[in-house]
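Content type compact mmCIF, C-alpha atoms (C1' of nucleotides), from the file final00.txt:
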# COMPACT_ATOMS: atom_id res chain seq x y z
CA MET C 1 0.00 0.00 0.00
CA HIS C 2 1.72 3.10 -1.18
CA SER C 3 1.38 6.51 0.26
CA GLU C 4 -1.73 8.09 -1.12
CA VAL C 5 -1.23 11.65 -0.18
CA VAL C 6 -4.53 13.27 -0.79
CA ALA C 7 -3.70 16.36 -2.70
CA SER C 8 -3.66 19.35 -0.47
CA ARG C 9 -5.10 22.65 -1.45
CA SER C 10 -4.26 23.87 -4.90
CA ALA C 11 -1.14 21.97 -5.57
CA ASP C 12 -0.52 21.43 -9.20
CA PRO C 13 -3.26 19.35 -10.75
CA ARG C 14 -0.85 16.63 -11.73
CA ASP C 15 -0.78 15.23 -8.24
CA SER C 16 -4.29 13.97 -8.43
CA ARG C 17 -3.29 11.64 -11.17
CA ASP C 18 -1.38 9.12 -9.15
CA SER C 19 -4.04 8.70 -6.56
CA ARG C 20 -6.12 7.28 -9.30
CA GLU C 21 -4.11 4.26 -10.18
CA SER C 22 -5.26 2.28 -7.21
CA VAL C 23 -8.81 2.70 -8.38
CA ARG C 24 -8.00 1.67 -11.88
CA GLU C 25 -8.61 -2.01 -11.82
CA SER C 26 -12.25 -1.97 -11.01
CA HIS C 27 -14.35 -2.45 -14.07
CA ARG C 28 -14.41 -6.17 -14.16
CA GLU C 29 -17.61 -7.38 -12.68
CA SER C 30 -15.78 -10.54 -11.61
CA ARG C 31 -17.54 -13.78 -12.24
CA ASN C 32 -20.28 -12.84 -9.92
CA GLY C 33 -22.82 -13.49 -12.56
CA SER C 34 -25.95 -12.88 -10.57
CA SER C 35 -26.04 -9.99 -8.18
CA PRO C 36 -25.00 -6.38 -8.43
CA HIS C 37 -21.53 -5.75 -9.71
CA LEU C 38 -19.47 -4.69 -6.76
CA ASP C 39 -16.08 -3.55 -7.85
CA ALA C 40 -12.98 -3.95 -5.76
CA VAL C 41 -13.28 -0.49 -4.31
CA SER C 42 -16.80 -0.91 -3.01
CA LEU C 43 -15.74 -4.22 -1.56
CA ALA C 44 -12.89 -2.50 0.22
CA ILE C 45 -15.27 0.14 1.55
CA ILE C 46 -17.59 -2.54 2.88
CA GLU C 47 -14.64 -4.22 4.48
CA GLN C 48 -13.73 -1.02 6.26
CA LEU C 49 -17.24 -0.61 7.55
CA GLN C 50 -17.38 -4.20 8.67
CA GLN C 51 -14.51 -3.41 10.98
CA ASP C 52 -16.11 -0.24 12.27
CA GLY C 53 -19.47 0.98 11.10
CA ARG C 54 -18.74 4.52 12.25
CA ARG C 55 -15.38 4.96 10.62
CA PRO C 56 -15.18 8.42 9.02
CA TYR C 57 -15.45 8.66 5.27
CA ALA C 58 -12.10 10.37 5.03
CA ALA C 59 -10.36 7.51 6.81
CA ILE C 60 -12.07 5.02 4.55
CA GLY C 61 -11.07 7.05 1.54
CA LYS C 62 -7.47 7.06 2.60
CA ALA C 63 -7.58 3.31 3.07
CA VAL C 64 -9.11 2.55 -0.30
CA GLY C 65 -7.53 5.34 -2.33
CA LEU C 66 -10.51 7.61 -2.88
CA SER C 67 -11.66 11.03 -1.90
CA GLU C 68 -13.95 11.53 1.02
CA ALA C 69 -16.86 12.62 -1.15
CA ALA C 70 -16.49 9.63 -3.41
CA VAL C 71 -16.63 7.28 -0.45
CA ARG C 72 -19.67 9.10 0.84
CA GLN C 73 -21.53 8.67 -2.43
CA ARG C 74 -20.68 5.04 -2.74
CA VAL C 75 -21.67 4.29 0.82
CA GLN C 76 -24.97 6.06 0.32
CA LYS C 77 -25.61 4.09 -2.81
CA LEU C 78 -24.76 0.82 -1.17
CA LEU C 79 -27.20 1.65 1.59
CA ASP C 80 -29.91 2.77 -0.80
CA GLN C 81 -29.50 -0.36 -2.90
CA GLY C 82 -29.74 -2.50 0.20
CA VAL C 83 -26.40 -4.10 -0.50
CA MET C 84 -25.38 -3.39 3.07
CA GLN C 85 -26.76 -1.90 6.25
CA ILE C 86 -24.88 -0.24 9.06
CA VAL C 87 -26.40 -1.34 12.33
CA ALA C 88 -25.66 -2.22 15.91
CA VAL C 89 -25.68 -5.93 16.56
CA THR C 90 -25.86 -7.56 19.97
CA ASP C 91 -26.09 -10.89 21.59
CA PRO C 92 -29.85 -11.16 22.11
CA LEU C 93 -29.28 -12.76 25.50
CA THR C 94 -27.82 -9.55 26.83
CA VAL C 95 -30.76 -7.48 25.71
CA GLY C 96 -33.48 -9.56 27.26
CA PHE C 97 -34.33 -12.20 24.68
CA ARG C 98 -33.65 -15.35 26.59
CA ARG C 99 -34.93 -18.01 24.24
CA GLN C 100 -33.73 -18.58 20.73
CA ALA C 101 -34.09 -21.52 18.44
CA MET C 102 -33.29 -22.66 14.96
CA VAL C 103 -36.29 -24.29 13.35
CA GLY C 104 -36.04 -26.59 10.38
CA ILE C 105 -39.21 -26.73 8.30
CA ASN C 106 -40.54 -29.06 5.65
CA VAL C 107 -42.98 -27.62 3.19
CA GLU C 108 -45.53 -28.99 0.78
CA GLY C 109 -46.33 -26.75 -2.12
CA ASP C 110 -44.68 -23.42 -2.74
CA VAL C 111 -41.69 -22.97 -0.46
CA GLU C 112 -41.24 -19.32 -1.23
CA SER C 113 -44.71 -18.32 -0.18
CA VAL C 114 -44.16 -20.03 3.17
CA ALA C 115 -40.87 -18.22 3.48
CA ASP C 116 -42.59 -14.93 2.84
CA ALA C 117 -45.14 -15.64 5.53
CA LEU C 118 -42.38 -16.41 8.02
CA THR C 119 -40.46 -13.33 7.00
CA ALA C 120 -43.42 -11.23 8.06
CA MET C 121 -43.15 -12.48 11.65
CA PRO C 122 -41.07 -10.18 13.82
CA GLU C 123 -39.76 -13.07 15.89
CA CYS C 124 -38.18 -14.60 12.80
CA GLU C 125 -34.77 -13.10 12.74
CA TYR C 126 -33.39 -15.13 9.88
CA VAL C 127 -35.14 -17.00 7.10
CA VAL C 128 -33.31 -19.06 4.51
CA MET C 129 -34.33 -21.57 1.89
CA THR C 130 -32.11 -24.62 1.95
CA ALA C 131 -31.34 -27.85 0.17
CA GLY C 132 -31.22 -30.91 2.40
CA SER C 133 -33.62 -32.55 4.76
CA PHE C 134 -35.24 -29.20 5.50
CA ASP C 135 -36.74 -26.83 2.98
CA LEU C 136 -36.47 -23.82 5.24
CA MET C 137 -34.43 -22.87 8.25
CA VAL C 138 -35.61 -20.08 10.50
CA GLU C 139 -34.01 -18.48 13.50
CA ILE C 140 -36.44 -17.45 16.20
CA VAL C 141 -35.75 -14.86 18.90
CA CYS C 142 -38.14 -14.81 21.83
CA GLU C 143 -38.41 -13.42 25.30
CA ASP C 144 -39.21 -16.63 27.17
CA ASP C 145 -40.37 -20.19 26.79
CA ASP C 146 -44.04 -19.34 26.50
CA HIS C 147 -43.30 -16.93 23.73
CA LEU C 148 -41.17 -19.46 21.90
CA LEU C 149 -43.78 -22.15 22.28
CA GLU C 150 -46.46 -19.91 20.92
CA VAL C 151 -44.43 -18.86 17.91
CA ILE C 152 -43.48 -22.37 16.93
CA ASN C 153 -46.62 -24.28 17.70
CA ARG C 154 -49.25 -21.69 16.98
CA ARG C 155 -47.88 -19.36 14.40
CA ILE C 156 -45.34 -21.22 12.31
CA ARG C 157 -47.32 -24.44 12.14
CA ALA C 158 -50.38 -22.45 11.21
CA VAL C 159 -48.78 -21.23 8.01
CA PRO C 160 -50.37 -23.03 5.05
CA GLY C 161 -47.91 -25.39 3.45
CA VAL C 162 -45.90 -26.15 6.57
CA ARG C 163 -45.76 -29.91 6.81
CA SER C 164 -43.50 -30.38 9.80
CA THR C 165 -40.98 -28.57 11.98
CA GLU C 166 -38.01 -29.53 14.07
CA SER C 167 -36.63 -27.21 16.71
CA PHE C 168 -33.14 -26.67 18.03
CA VAL C 169 -33.20 -24.52 21.13
CA TYR C 170 -30.08 -22.46 21.63
CA LEU C 171 -28.04 -23.30 24.67
CA LYS C 172 -25.09 -21.05 24.09
CA LEU C 173 -24.02 -18.74 21.32
CA LYS C 174 -20.34 -19.28 20.74
CA LYS C 175 -19.55 -17.13 17.75
CA GLN C 176 -21.24 -14.42 15.78
CA THR C 177 -19.20 -12.37 13.32
CA TYR C 178 -19.90 -10.07 10.44
CA MET C 179 -16.56 -10.08 8.74
CA TRP C 180 -17.27 -11.51 5.33
CA GLY C 181 -14.66 -10.31 2.97
CA THR C 182 -12.29 -9.51 5.78
CA ARG C 183 -10.36 -12.67 5.54
CA MET T 1 -35.25 -9.28 -0.73
CA HIS T 2 -33.75 -6.66 1.43
CA SER T 3 -36.89 -5.24 2.78
CA GLU T 4 -35.54 -3.32 5.73
CA VAL T 5 -33.61 -0.48 4.31
CA VAL T 6 -33.54 1.98 7.09
CA ALA T 7 -34.39 5.53 6.34
CA SER T 8 -31.23 7.39 6.98
CA ARG T 9 -32.21 10.65 8.46
CA SER T 10 -35.33 10.42 10.50
CA ALA T 11 -34.95 12.33 13.69
CA ASP T 12 -37.72 11.24 15.92
CA PRO T 13 -39.26 14.45 17.11
CA ARG T 14 -40.85 12.73 20.03
CA ASP T 15 -39.96 14.33 23.34
CA SER T 16 -38.66 12.21 26.11
CA ARG T 17 -38.14 13.95 29.35
CA ASP T 18 -38.91 10.83 31.28
CA SER T 19 -36.47 7.96 31.61
CA ARG T 20 -34.09 9.58 33.98
CA GLU T 21 -34.72 7.71 37.15
CA SER T 22 -33.83 4.14 36.42
CA VAL T 23 -30.11 4.54 36.07
CA ARG T 24 -29.01 1.82 38.34
CA GLU T 25 -26.09 -0.11 37.12
CA SER T 26 -24.77 -3.44 38.12
CA HIS T 27 -21.23 -3.56 36.94
CA ARG T 28 -20.72 -7.24 36.49
CA GLU T 29 -18.06 -8.71 34.37
CA SER T 30 -19.55 -8.83 30.95
CA ARG T 31 -18.21 -11.93 29.37
CA ASN T 32 -20.11 -14.07 26.99
CA GLY T 33 -22.91 -15.74 28.85
CA SER T 34 -23.58 -13.48 31.77
CA SER T 35 -26.24 -10.87 31.61
CA PRO T 36 -24.88 -7.41 32.36
CA HIS T 37 -28.45 -6.30 32.89
CA LEU T 38 -28.68 -3.22 30.75
CA ASP T 39 -30.88 -0.44 32.01
CA ALA T 40 -33.68 1.03 29.98
CA VAL T 41 -31.61 3.92 28.70
CA SER T 42 -28.84 1.75 27.30
CA LEU T 43 -31.47 -0.44 25.74
CA ALA T 44 -33.01 2.58 24.10
CA ILE T 45 -29.62 3.65 22.81
CA ILE T 46 -29.04 0.22 21.33
CA GLU T 47 -32.43 0.38 19.73
CA GLN T 48 -31.56 3.67 18.09
CA LEU T 49 -28.34 2.26 16.73
CA GLN T 50 -30.08 -0.84 15.47
CA GLN T 51 -32.14 1.42 13.26
CA ASP T 52 -29.12 3.36 12.02
CA GLY T 53 -25.63 2.61 13.19
CA ARG T 54 -24.42 6.06 12.17
CA ARG T 55 -27.08 8.11 13.88
CA PRO T 56 -25.47 11.14 15.58
CA TYR T 57 -25.06 11.08 19.32
CA ALA T 58 -27.05 14.25 19.71
CA ALA T 59 -30.04 12.75 17.93
CA ILE T 60 -29.82 9.64 20.08
CA GLY T 61 -29.58 11.78 23.18
CA LYS T 62 -32.71 13.66 22.24
CA ALA T 63 -34.54 10.40 21.67
CA VAL T 64 -33.55 8.79 24.95
CA GLY T 65 -33.37 11.87 27.16
CA LEU T 66 -29.63 12.23 27.67
CA SER T 67 -26.94 14.67 26.71
CA GLU T 68 -24.79 14.06 23.71
CA ALA T 69 -21.71 13.43 25.83
CA ALA T 70 -23.50 10.92 28.00
CA VAL T 71 -24.69 9.00 24.99
CA ARG T 72 -21.19 8.98 23.65
CA GLN T 73 -19.83 7.59 26.91
CA ARG T 74 -22.45 4.89 27.10
CA VAL T 75 -21.98 3.85 23.52
CA GLN T 76 -18.26 3.65 24.03
CA LYS T 77 -18.74 1.51 27.08
CA LEU T 78 -21.17 -0.79 25.36
CA LEU T 79 -18.64 -1.24 22.59
CA ASP T 80 -15.75 -1.79 24.98
CA GLN T 81 -17.71 -4.33 26.96
CA GLY T 82 -18.62 -6.17 23.80
CA VAL T 83 -22.31 -5.84 24.48
CA MET T 84 -22.81 -4.53 20.97
CA GLN T 85 -20.86 -3.76 17.86
CA ILE T 86 -21.59 -1.29 15.12
CA VAL T 87 -20.83 -2.88 11.79
CA ALA T 88 -21.87 -3.09 8.18
CA VAL T 89 -23.74 -6.26 7.38
CA THR T 90 -24.34 -7.59 3.90
CA ASP T 91 -25.84 -10.48 2.09
CA PRO T 92 -22.73 -12.60 1.53
CA LEU T 93 -23.98 -13.53 -1.91
CA THR T 94 -23.59 -9.97 -3.09
CA VAL T 95 -20.01 -9.74 -1.90
CA GLY T 96 -18.70 -12.82 -3.59
CA PHE T 97 -19.37 -15.65 -1.16
CA ARG T 98 -21.57 -17.85 -3.24
CA ARG T 99 -21.87 -20.92 -1.12
CA GLN T 100 -23.26 -20.98 2.36
CA ALA T 101 -24.57 -23.77 4.45
CA MET T 102 -25.91 -24.53 7.86
CA VAL T 103 -24.28 -27.62 9.30
CA GLY T 104 -25.77 -29.63 12.12
CA ILE T 105 -23.20 -31.56 14.11
CA ASN T 106 -23.37 -34.42 16.57
CA VAL T 107 -20.60 -34.67 19.08
CA GLU T 108 -19.22 -37.35 21.32
CA GLY T 109 -17.42 -36.08 24.34
CA ASP T 110 -17.04 -32.43 25.21
CA VAL T 111 -19.29 -30.30 23.05
CA GLU T 112 -17.74 -27.04 24.06
CA SER T 113 -14.24 -27.97 23.01
CA VAL T 114 -15.56 -28.90 19.59
CA ALA T 115 -17.37 -25.60 19.46
CA ASP T 116 -14.17 -23.78 20.27
CA ALA T 117 -12.35 -25.55 17.49
CA LEU T 118 -15.03 -24.56 15.02
CA THR T 119 -15.04 -21.01 16.28
CA ALA T 120 -11.40 -20.74 15.29
CA MET T 121 -12.22 -21.40 11.64
CA PRO T 122 -12.74 -18.20 9.67
CA GLU T 123 -15.32 -19.82 7.43
CA CYS T 124 -17.52 -20.51 10.44
CA GLU T 125 -19.60 -17.41 10.66
CA TYR T 126 -21.92 -18.56 13.40
CA VAL T 127 -21.50 -21.27 16.02
CA VAL T 128 -24.18 -22.20 18.52
CA MET T 129 -24.71 -25.04 20.95
CA THR T 130 -28.21 -26.43 20.75
CA ALA T 131 -30.62 -28.86 22.31
CA GLY T 132 -32.30 -31.25 19.92
CA SER T 133 -31.11 -33.73 17.37
CA PHE T 134 -27.95 -31.72 16.82
CA ASP T 135 -25.46 -30.69 19.46
CA LEU T 136 -24.04 -27.85 17.42
CA MET T 137 -25.20 -25.78 14.52
CA VAL T 138 -22.67 -23.90 12.43
CA GLU T 139 -23.11 -21.50 9.58
CA ILE T 140 -20.47 -21.75 6.90
CA VAL T 141 -19.64 -19.01 4.40
CA CYS T 142 -17.52 -20.04 1.43
CA GLU T 143 -16.47 -18.78 -1.93
CA ASP T 144 -17.45 -21.79 -4.02
CA ASP T 145 -18.36 -25.45 -3.94
CA ASP T 146 -14.81 -26.67 -3.63
CA HIS T 147 -14.22 -24.43 -0.68
CA LEU T 148 -17.41 -25.57 1.00
CA LEU T 149 -16.62 -29.20 0.40
CA GLU T 150 -13.18 -28.81 1.85
CA VAL T 151 -14.42 -27.05 4.96
CA ILE T 152 -17.11 -29.57 5.73
CA ASN T 153 -15.45 -32.80 4.77
CA ARG T 154 -11.88 -32.06 5.60
CA ARG T 155 -11.82 -29.54 8.37
CA ILE T 156 -15.01 -29.89 10.36
CA ARG T 157 -15.06 -33.67 10.28
CA ALA T 158 -11.43 -33.70 11.28
CA VAL T 159 -12.18 -32.04 14.59
CA PRO T 160 -11.84 -34.60 17.38
CA GLY T 161 -15.22 -35.41 18.84
CA VAL T 162 -17.27 -34.76 15.73
CA ARG T 163 -19.39 -37.86 15.26
CA SER T 164 -21.50 -36.83 12.27
CA THR T 165 -22.62 -33.82 10.28
CA GLU T 166 -25.62 -32.91 8.20
CA SER T 167 -25.48 -30.04 5.75
CA PHE T 168 -28.13 -27.64 4.53
CA VAL T 169 -26.86 -25.65 1.59
CA TYR T 170 -28.39 -22.23 1.28
CA LEU T 171 -30.50 -21.63 -1.78
CA LYS T 172 -31.82 -18.19 -0.98
CA LEU T 173 -31.57 -15.86 1.95
CA LYS T 174 -34.98 -14.39 2.55
CA LYS T 175 -34.57 -12.36 5.69
CA GLN T 176 -31.75 -11.08 7.81
CA THR T 177 -32.46 -8.44 10.41
CA TYR T 178 -30.80 -7.06 13.46
CA MET T 179 -33.75 -5.40 15.10
CA TRP T 180 -34.06 -7.10 18.45
CA GLY T 181 -35.76 -4.81 20.85
CA THR T 182 -37.28 -2.79 18.06
CA ARG T 183 -40.54 -4.56 18.14
C1' DT S 1 -20.10 14.33 57.60
C1' DC S 2 -16.52 13.36 54.51
C1' DT S 3 -14.48 10.86 50.81
C1' DG S 4 -14.31 8.12 46.68
C1' DC S 5 -16.39 6.61 42.55
C1' DG S 6 -19.15 6.70 38.67
C1' DT S 7 -22.11 9.26 35.70
C1' DC S 8 -24.11 13.44 33.64
C1' DT S 9 -23.69 18.13 31.72
C1' DG S 10 -21.84 22.11 29.27
C1' DC S 11 -18.42 24.01 26.48
C1' DG S 12 -14.79 25.04 23.04
C1' DG S 13 -11.87 23.31 19.25
C1' DA S 14 -10.80 19.82 15.92
C1' DT S 15 -12.89 16.83 12.81
C1' DT S 16 -16.40 15.20 9.85
C1' DT S 17 -20.38 15.48 7.21
C1' DC S 18 -22.97 17.54 3.54
C1' DG S 19 -24.31 19.99 -0.63
C1' DC S 20 -22.66 22.05 -4.71
C1' DA S 21 -20.24 23.09 -8.96
C1' DA S 22 -16.91 21.64 -11.93
C1' DC S 23 -14.11 18.08 -14.19
C1' DC S 24 -12.78 13.78 -16.50
C1' DC S 25 -13.75 9.98 -19.46
C1' DG S 26 -15.80 6.31 -22.05
C1' DG S 27 -19.83 5.35 -24.82
C1' DA S 28 -23.58 6.54 -27.72
C1' DT S 29 -25.29 9.46 -31.28
C1' DG S 30 -25.66 12.06 -35.50
C1' DC H 1 -15.25 13.46 -36.24
C1' DA H 2 -17.72 16.38 -33.27
C1' DT H 3 -20.93 16.37 -29.80
C1' DC H 4 -23.64 15.17 -26.14
C1' DC H 5 -24.57 12.43 -22.15
C1' DG H 6 -24.22 10.10 -17.72
C1' DG H 7 -21.66 7.95 -14.14
C1' DG H 8 -17.98 8.72 -11.28
C1' DT H 9 -14.61 11.73 -9.19
C1' DT H 10 -12.63 15.95 -7.06
C1' DG H 11 -12.23 20.17 -4.25
C1' DC H 12 -14.21 23.37 -1.29
C1' DG H 13 -16.66 26.06 2.24
C1' DA H 14 -20.56 25.96 5.75
C1' DA H 15 -22.91 23.44 9.00
C1' DA H 16 -23.12 19.69 11.95
C1' DT H 17 -20.83 16.38 14.62
C1' DC H 18 -17.29 14.34 17.34
C1' DC H 19 -14.11 14.56 21.16
C1' DG H 20 -11.66 15.77 25.39
C1' DC H 21 -11.94 18.29 29.45
C1' DA H 22 -13.32 20.15 33.72
C1' DG H 23 -17.12 20.76 37.05
C1' DA H 24 -21.45 19.20 39.21
C1' DC H 25 -24.31 15.75 40.97
C1' DG H 26 -25.85 11.49 43.33
C1' DC H 27 -24.82 7.59 45.95
C1' DA H 28 -22.54 4.24 48.67
C1' DG H 29 -19.17 3.26 52.52
C1' DA H 30 -15.85 4.77 56.16
Full structure transcribed into structure tokens:
Amino acid sequence: MHSEVVASRSADPRDSRDSRESVRESHRESRNGSSPHLDAVSLAIIEQLQQDGRRPYAAIGKAVGLSEAAVRQRVQKLLDQGVMQIVAVTDPLTVGFRRQAMVGINVEGDVESVADALTAMPECEYVVMTAGSFDLMVEIVCEDDDHLLEVINRRIRAVPGVRSTESFVYLKLKKQTYMWGTR
Amino acid sequence: MHSEVVASRSADPRDSRDSRESVRESHRESRNGSSPHLDAVSLAIIEQLQQDGRRPYAAIGKAVGLSEAAVRQRVQKLLDQGVMQIVAVTDPLTVGFRRQAMVGINVEGDVESVADALTAMPECEYVVMTAGSFDLMVEIVCEDDDHLLEVINRRIRAVPGVRSTESFVYLKLKKQTYMWGTR
DNA sequence: TCTGCGTCTGCGGATTTCGCAACCCGGATG
DNA sequence: CATCCGGGTTGCGAAATCCGCAGACGCAGA
């Protein structure tokens, strides 16, 4: 990583040319055929914000070789597009939600419509369609046992298309990171 | 897909001159597992930051009935204690990790030591001890099929104490929120 | 009562955010 | 070939925010 001295005030305009080279190699939408084309710079910005969601734009810009305003625009666009969100995350146990469970679900009929119904439930923190002996896996966050019981037995099983469920109550959360891309 | 894009600037003009009295603090050691018992004000601060991790301290203070400096101190403490972290979260698919899976694991012997071994793997995004037909559930984030295969068959199954595994490859992530307490 | 400890508040100064106008550049158009 | 166009980038002030620093306040324990 070379020194990217952000051009000070009114130096000669040639300086701004070298700070550009690090941005150069970014119009190859990789082989990420499906989703939005994140270039290397946006990826680097995300990586910065995965380390600290409140890091100043100028610091990010210095790290990725961009101006502060450019970082600001890209961050705003990433947020608007829903590619990333900047949020506080906690261990639910410490904020009063004492029962969590992963629930595996088998579906008859349209899986996606069931998934949409589960997504609408506030207690469903995480909904994913899977291949394997479950069609859906859902993470539930509840306040206590009664709440958990009600969600699983009354609400989830009441969704049309749900054939069966299997629950895995959380005993202890050992790891929870958000550092994709930071490897 | 990403339904919860938080509106960036939405200062809540609701007054809050209450919430001053219950500022009792029990300063326990705040390691994973204990409950530091957060008071209502800290909870409200967390809630604000779950809506927008970059919300200014002054705005948070107005919402929870505290000065800007006090909010700043509390946030810093919550971060230092590890009660919460402010980070960017993304759908891994959009940032180049195209294979994810939930893996259920059965263990013989000490479950926690196996969990610790899995926690050390960077591909293990999420590790939780559960009750039910699995002893552990682990979320794996990989770049491609080869990577996933290697992690599951070579690394996870090589951990002493792992009796069997069952994999659930992700087909589509439908929901992913971080809004505990915001219900 | 006094002291120690932790938290809250108010206040400048440094830093950051934000909006704006201009610039550069590749691609499309005539 | 000239021109226009749009996305992306840059630089720059003004406004807002962050940050450190006392001082004040409340609450336990000596």
Can you write out as JSON lines which residues of chain H fall within 10 Å of chain C, alongside each residue's closest atom pair and its distance in Å to one decimal, counting only C-alpha atoms (C1' of nucleotides) and ordering rows by chain and ascending residue number?
{"residue": "H:DG8", "atom": "C1'", "partner": "C:Ala70", "partner_atom": "CA", "distance": 8.1}
{"residue": "H:DT9", "atom": "C1'", "partner": "C:Ala70", "partner_atom": "CA", "distance": 6.4}
{"residue": "H:DT10", "atom": "C1'", "partner": "C:Ser67", "partner_atom": "CA", "distance": 7.2}
{"residue": "H:DG11", "atom": "C1'", "partner": "C:Arg9", "partner_atom": "CA", "distance": 8.1}
{"residue": "H:DC12", "atom": "C1'", "partner": "C:Arg9", "partner_atom": "CA", "distance": 9.1}
CA of Tyr170 (chain T) and CA of Met137 (chain C) are how many Å apart?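 For CA of Tyr170 (chain T) relative to CA of Met137 (chain C), the distance reads 9.2 Å.
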Practice task
Take CA of Phe168 (chain T) and CA of Val103 (chain T) and report the distance between them in Å, one decimal.
Solution key: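 Computing it gives 6.1 Å between the two atoms.
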task = Could you check which of S:DC20, S:DG12, S:DT7, S:DC2 is closest to chain C, using only C-alpha atoms (C1' of nucleotides)?
result =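 Closest to chain C, using only C-alpha atoms (C1' of nucleotides): S:DC20.
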I'd like the interatomic distance between CA of Gln81 (chain C) and CA of Thr119 (chain C), to a tenth of an Å.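 Between CA of Gln81 (chain C) and CA of Thr119 (chain C) the gap works out to 19.7 Å.
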Discussion item. So that I can check the surroundings of Lys175 (chain T), please list as a PyMOL selection string every protein, DNA and RNA residue that reaches within 7 Å of it, counting only C-alpha atoms (C1' of nucleotides) and ignoring chain neighbours fewer than 3 positions away.
Written reply: chain C and resi 119+126-128
Could you list, as a ChimeraX atom specification, every residue within 12 Å of DA28 (chain H), counting all atoms listed in the file and ignoring same-chain residues fewer than 5 positions away? /S:3-6
| said: Please identify all residues of chain C having at least one atom at most 9 Å from any atom of chain S, considering all atoms listed in the file, and return them as number ranges by chain. | reply: C: 56-58
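Near region 134-136 of chain T, within a cut-off of 8 Å and counting all atoms listed in the file, sit the residues Phe168 of chain C; Gly104, Ile105, Asn106, Val107, Val111, Ala115, Val127, Val128, Met129, Thr130, Ala131, Gly132 and Val138 of chain T, with same-chain residues fewer than 2 positions away left out.
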Specify the axis-aligned box that encloses all atoms of region 11-29 of chain S listed in the file after padding of 5 Å on each side, stating its centre and edge lengths in Å to one decimal as AutoDock Vina command-line options.
--center_x -18.0 --center_y 15.2 --center_z -2.4 --size_x 24.5 --size_y 29.7 --size_z 67.8
Distance criterion (only C-alpha atoms): nearest to chain C out of T:Ser113, T:Asn153, T:Thr165, T:Gln51: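 Of the candidates, the smallest distance to chain C is held by T:Gln51.
Compared by their closest atoms to Asp144 (chain C), and using all atoms listed in the file, the residues C:Val159, C:Val169, C:Arg98, C:Pro122 rank with C:Arg98 nearest.
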| query | Can you tell me, as a count of residues only, what residues are no more than 10 Å from Val83 (chain C) when counting all atoms listed in the file, ignoring any on the same chain fewer than 2 positions away? | reply | 21
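Closest to chain C among T:Asp39, T:Ile45, T:Arg72, T:Gln50 is T:Gln50, based on only C-alpha atoms.
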Among listed residues C:Leu118, C:Ala40, C:Val141, C:Met102, nearest Arg155 (chain C) (using only C-alpha atoms):
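Under the stated criterion, the closest residue is C:Leu118.
Remark: for chain T, the closest of the candidate residues C:Gln76, C:Gly61, C:Ala117, C:Val87 is C:Val87 (distances computed over all atoms listed in the file).
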Could I see region 61-72 of chain T restored to N, CA and C atoms, set down as a PDB file, in the coordinates of the input?
ATOM      1  N   GLY T  61     -29.336  11.178  21.879  1.00  0.00           N
ATOM      2  CA  GLY T  61     -29.580  11.780  23.180  1.00  0.00           C
ATOM      3  C   GLY T  61     -30.960  12.397  23.269  1.00  0.00           C
ATOM      4  N   LYS T  62     -31.387  13.056  22.231  1.00  0.00           N
ATOM      5  CA  LYS T  62     -32.710  13.660  22.240  1.00  0.00           C
ATOM      6  C   LYS T  62     -33.782  12.578  22.341  1.00  0.00           C
ATOM      7  N   ALA T  63     -33.548  11.472  21.683  1.00  0.00           N
ATOM      8  CA  ALA T  63     -34.540  10.400  21.670  1.00  0.00           C
ATOM      9  C   ALA T  63     -34.630   9.684  23.011  1.00  0.00           C
ATOM     10  N   VAL T  64     -33.529   9.569  23.708  1.00  0.00           N
ATOM     11  CA  VAL T  64     -33.550   8.790  24.950  1.00  0.00           C
ATOM     12  C   VAL T  64     -33.487   9.675  26.186  1.00  0.00           C
ATOM     13  N   GLY T  65     -33.377  10.982  26.012  1.00  0.00           N
ATOM     14  CA  GLY T  65     -33.370  11.870  27.160  1.00  0.00           C
ATOM     15  C   GLY T  65     -32.031  11.948  27.860  1.00  0.00           C
ATOM     16  N   LEU T  66     -30.977  12.153  27.106  1.00  0.00           N
ATOM     17  CA  LEU T  66     -29.630  12.230  27.670  1.00  0.00           C
ATOM     18  C   LEU T  66     -28.845  13.254  26.857  1.00  0.00           C
ATOM     19  N   SER T  67     -27.780  13.736  27.454  1.00  0.00           N
ATOM     20  CA  SER T  67     -26.940  14.670  26.710  1.00  0.00           C
ATOM     21  C   SER T  67     -26.111  13.909  25.687  1.00  0.00           C
ATOM     22  N   GLU T  68     -25.606  14.677  24.757  1.00  0.00           N
ATOM     23  CA  GLU T  68     -24.790  14.060  23.710  1.00  0.00           C
ATOM     24  C   GLU T  68     -23.573  13.364  24.301  1.00  0.00           C
ATOM     25  N   ALA T  69     -22.917  14.016  25.250  1.00  0.00           N
ATOM     26  CA  ALA T  69     -21.710  13.430  25.830  1.00  0.00           C
ATOM     27  C   ALA T  69     -22.030  12.141  26.579  1.00  0.00           C
ATOM     28  N   ALA T  70     -23.138  12.128  27.257  1.00  0.00           N
ATOM     29  CA  ALA T  70     -23.500  10.920  28.000  1.00  0.00           C
ATOM     30  C   ALA T  70     -23.767   9.765  27.060  1.00  0.00           C
ATOM     31  N   VAL T  71     -24.453  10.046  25.985  1.00  0.00           N
ATOM     32  CA  VAL T  71     -24.690   9.000  24.990  1.00  0.00           C
ATOM     33  C   VAL T  71     -23.366   8.472  24.469  1.00  0.00           C
ATOM     34  N   ARG T  72     -22.487   9.394  24.187  1.00  0.00           N
ATOM     35  CA  ARG T  72     -21.190   8.980  23.650  1.00  0.00           C
ATOM     36  C   ARG T  72     -20.469   8.062  24.626  1.00  0.00           C
TER      37      ARG T  72
END
